[in-house]
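What follows is a short report on a single structure.
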Amino acid sequence: FNPNKKNFKRVQIQLQKEDVIYLFSDGFRDQFGGKSNSKYGRKKFRELLLSIRHLPMKKQKQKLRHIFLEWKGAEHQIDDVTILAIKLGG
């Protein structure tokens, strides 16, 4: 018995051709920047991924990099930024 052990629930997701799976650290979301020098945020990051999912992978990378650097501006980068995208083929 381990009182710190978390219970996990198994979930199956039906994937289809052209689906994209994103794995990422919290570095992009937690980066301070913009006009109000606030965090990019979870909701805004989710909307960004949804808005670029149809683009070719190389274009997605370019867009993510551009938006991150534009958001960060002159602020110091506070964390690592890792985004792994896997696009399913058919």
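Residue names in the structure tokens use chain letters A, B, ... in the order shown, residue numbers from 1 in each chain, and ligand numbers from 1 in the order shown.
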Tell me which protein, DNA and RNA residues are within 6 Å of segment 67-75 of chain A, counting only C-alpha atoms, leaving out same-chain ones fewer than 2 positions away, and put them as a VMD selection string.
chain A and resid 33 to 34 64 to 65
Give me, as a ChimeraX atom specification, the residues of segment 22-72 of chain A that a backbone DSSP run labels strand (DSSP E).
/A:22-24,32-33,38-39
Write to file, as an mmCIF file, in the first residue's frame, the residues of the selection just made, with N, CA and C atoms.
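Saved result, part-v9.cif, follows:
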data_model
loop_
_atom_site.group_PDB
_atom_site.id
_atom_site.type_symbol
_atom_site.label_atom_id
_atom_site.label_comp_id
_atom_site.auth_asym_id
_atom_site.auth_seq_id
_atom_site.Cartn_x
_atom_site.Cartn_y
_atom_site.Cartn_z
ATOM 1 N N TYR A 22 0.047 16.209 -29.866
ATOM 2 C CA TYR A 22 1.038 17.148 -29.345
ATOM 3 C C TYR A 22 1.418 16.745 -27.923
ATOM 4 N N LEU A 23 2.717 16.661 -27.680
ATOM 5 C CA LEU A 23 3.266 16.472 -26.342
ATOM 6 C C LEU A 23 4.139 17.690 -26.075
ATOM 7 N N PHE A 24 3.990 18.308 -24.907
ATOM 8 C CA PHE A 24 4.709 19.554 -24.681
ATOM 9 C C PHE A 24 4.985 19.785 -23.201
ATOM 10 N N PHE A 32 6.454 34.589 -19.783
ATOM 11 C CA PHE A 32 5.945 35.948 -19.643
ATOM 12 C C PHE A 32 6.252 36.752 -20.896
ATOM 13 N N GLY A 33 5.324 37.643 -21.250
ATOM 14 C CA GLY A 33 5.527 38.497 -22.415
ATOM 15 C C GLY A 33 4.252 39.223 -22.775
ATOM 16 N N SER A 38 2.367 39.173 -19.138
ATOM 17 C CA SER A 38 1.709 38.073 -18.436
ATOM 18 C C SER A 38 2.110 36.753 -19.083
ATOM 19 N N LYS A 39 1.697 35.643 -18.454
ATOM 20 C CA LYS A 39 1.976 34.334 -19.027
ATOM 21 C C LYS A 39 1.150 34.141 -20.303
#
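For the set A:Ser25, A:Gln16, A:Gln62, A:Ser36, the residue with the smallest atom-to-atom gap to Lys87 of chain A is A:Gln16, counting only C-alpha atoms.
Closest to Lys43 of chain A among A:Asp19, A:Arg29, A:Leu55, A:Gly89 is A:Arg29, based on only C-alpha atoms.
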Can you list every residue in chain A that DSSP puts in alpha helix (DSSP H), as a PyMOL selection string?
chain A and resi 42-52+57-72
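Nearest residue to Phe28 of chain A among A:Lys58, A:Arg53, A:Lys6, A:Arg46 is A:Arg46, counting only C-alpha atoms.
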Spatial neighbours of Asp30 of chain A, 10 Å, only C-alpha atoms, chain gap at least 4 places, as a PyMOL selection string
chain A and resi 25-26+38-42+45+77-81
Return the single residue from A:Gln14, A:His76, A:Phe8, A:Lys63 that is closest to Leu48 of chain A, with distances computed using only C-alpha atoms.
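Among the listed residues, A:Lys63 lies closest to Leu48 of chain A.
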